[in-house]
Amino acid sequence: MASTRPESREAYQHQHDPEKIAARLESGPESVYLKDFVYGAIDGAVTTFAVVAGVAGAGLAPGIIIILGFANLLADGFSMAVSNFLGTRAESQYRDQARRRELDEVHKWPEGEREEVKQIYARKGFEGELLEQVVNVLTSDKDRWVDVMLQEEHGMSLTDHHAGRAGLATFAAFLLVGLIPLLPYLLNWTGLVSWTGATQIAAPFLWSAIMTSVAFFWVGALKGRFVNQSWLLSGGETLGIGGAAAAMAYGVGVLLKDLVG
């Protein structure tokens, strides 16, 4: 239900002033990198904690956890960032190729392409003289004509998702959240925990699991805030998926620990 508070209503009306609307339409839609961040954050926490859980389950030394954890953090994080960069760039290149192809078809077979536009908008409920007017307006400018074909015929978004920023968002999120499972072991190794008066963190794996669970929930709750989903439901969903992956890794470590005895 929409808020009836005067300040909310006034703010809503202000955002829908003709000048505000014109400015938003002129600047075009924003490219949001939430998917790239969530993708990197969840995978960073899952894979790094999987290393921690697997090694802990096998009963190996904490130093091995730190070595394998950082190796995973850097190598897998870089691999994911590069993969996201290349995939995002490939989508952009494919859209550019489709645009060139449609522009060529508009130039060579304008009547056929016009008929496609007509049928597309007839399916939307336009008919008669109004349909002809819509088709005439849309096909009067070739760039606008091609945009219609890309969106309606090919189902493509016209928003340019910057490949470099997408890869950077994934890498940053992977490093930031993926470091969390290693923190108790790092604090013990560096001796920084001595600032609290303790010599070591007791049960570092337990603390790693707790901190990683909080990270899972936080990432899910953050995603829920952006997609208008319950933060509790979204956080619990992400926590459940990440927890299942971590449990499998720990189980594998326990089952195979005799191999490294």
# chains A, B, ... in the order shown; residues from 1 in each chain; ligands from 1
>>> closest_atom_pairs(of="stretch 125-193 of chain A", to="stretch 76-83 of chain A", cutoff="12 Å", atoms="only C-alpha atoms", output="CSV")
residue,atom,partner,partner_atom,distance
A:Ala163,CA,A:Val82,CA,9.5
A:Gly164,CA,A:Ala81,CA,9.0
A:Arg165,CA,A:Ala81,CA,9.7
A:Ala166,CA,A:Ala81,CA,7.8
A:Gly167,CA,A:Ala81,CA,4.4
A:Leu168,CA,A:Ala81,CA,6.5
A:Ala169,CA,A:Ala81,CA,8.0
A:Thr170,CA,A:Ala81,CA,5.5
A:Phe171,CA,A:Ala81,CA,5.1
A:Ala172,CA,A:Gly77,CA,8.4
A:Ala173,CA,A:Gly77,CA,8.9
A:Phe174,CA,A:Gly77,CA,5.7
A:Leu175,CA,A:Gly77,CA,6.8
A:Leu176,CA,A:Gly77,CA,10.3
A:Val177,CA,A:Gly77,CA,10.8
A:Gly178,CA,A:Gly77,CA,8.7
A:Leu179,CA,A:Gly77,CA,10.9
>>> residues_around(residues="A:Ser92", least_positions_apart="3", cutoff="9 Å", atoms="only C-alpha atoms", output="list in words")
Gly87, Thr88, Arg89, Arg95, Asp96, Gln97, Asp160, His161, His162 and Ala163 of chain A
>>> atom_distance(atom1="atom CA of A:Asn188", atom2="atom CA of A:Ala71")
18.7 Å
>>> select_by_dssp(residues="stretch 36-205 of chain A", states="helix (DSSP H, G or I)", output="ChimeraX atom specification")
/A:36-57,62-108,110-123,128-138,142-153,163-178,180-190,192-196,204-205
>>> atom_distance(atom1="atom CA of A:Pro184", atom2="atom CA of A:Val38")
23.4 Å
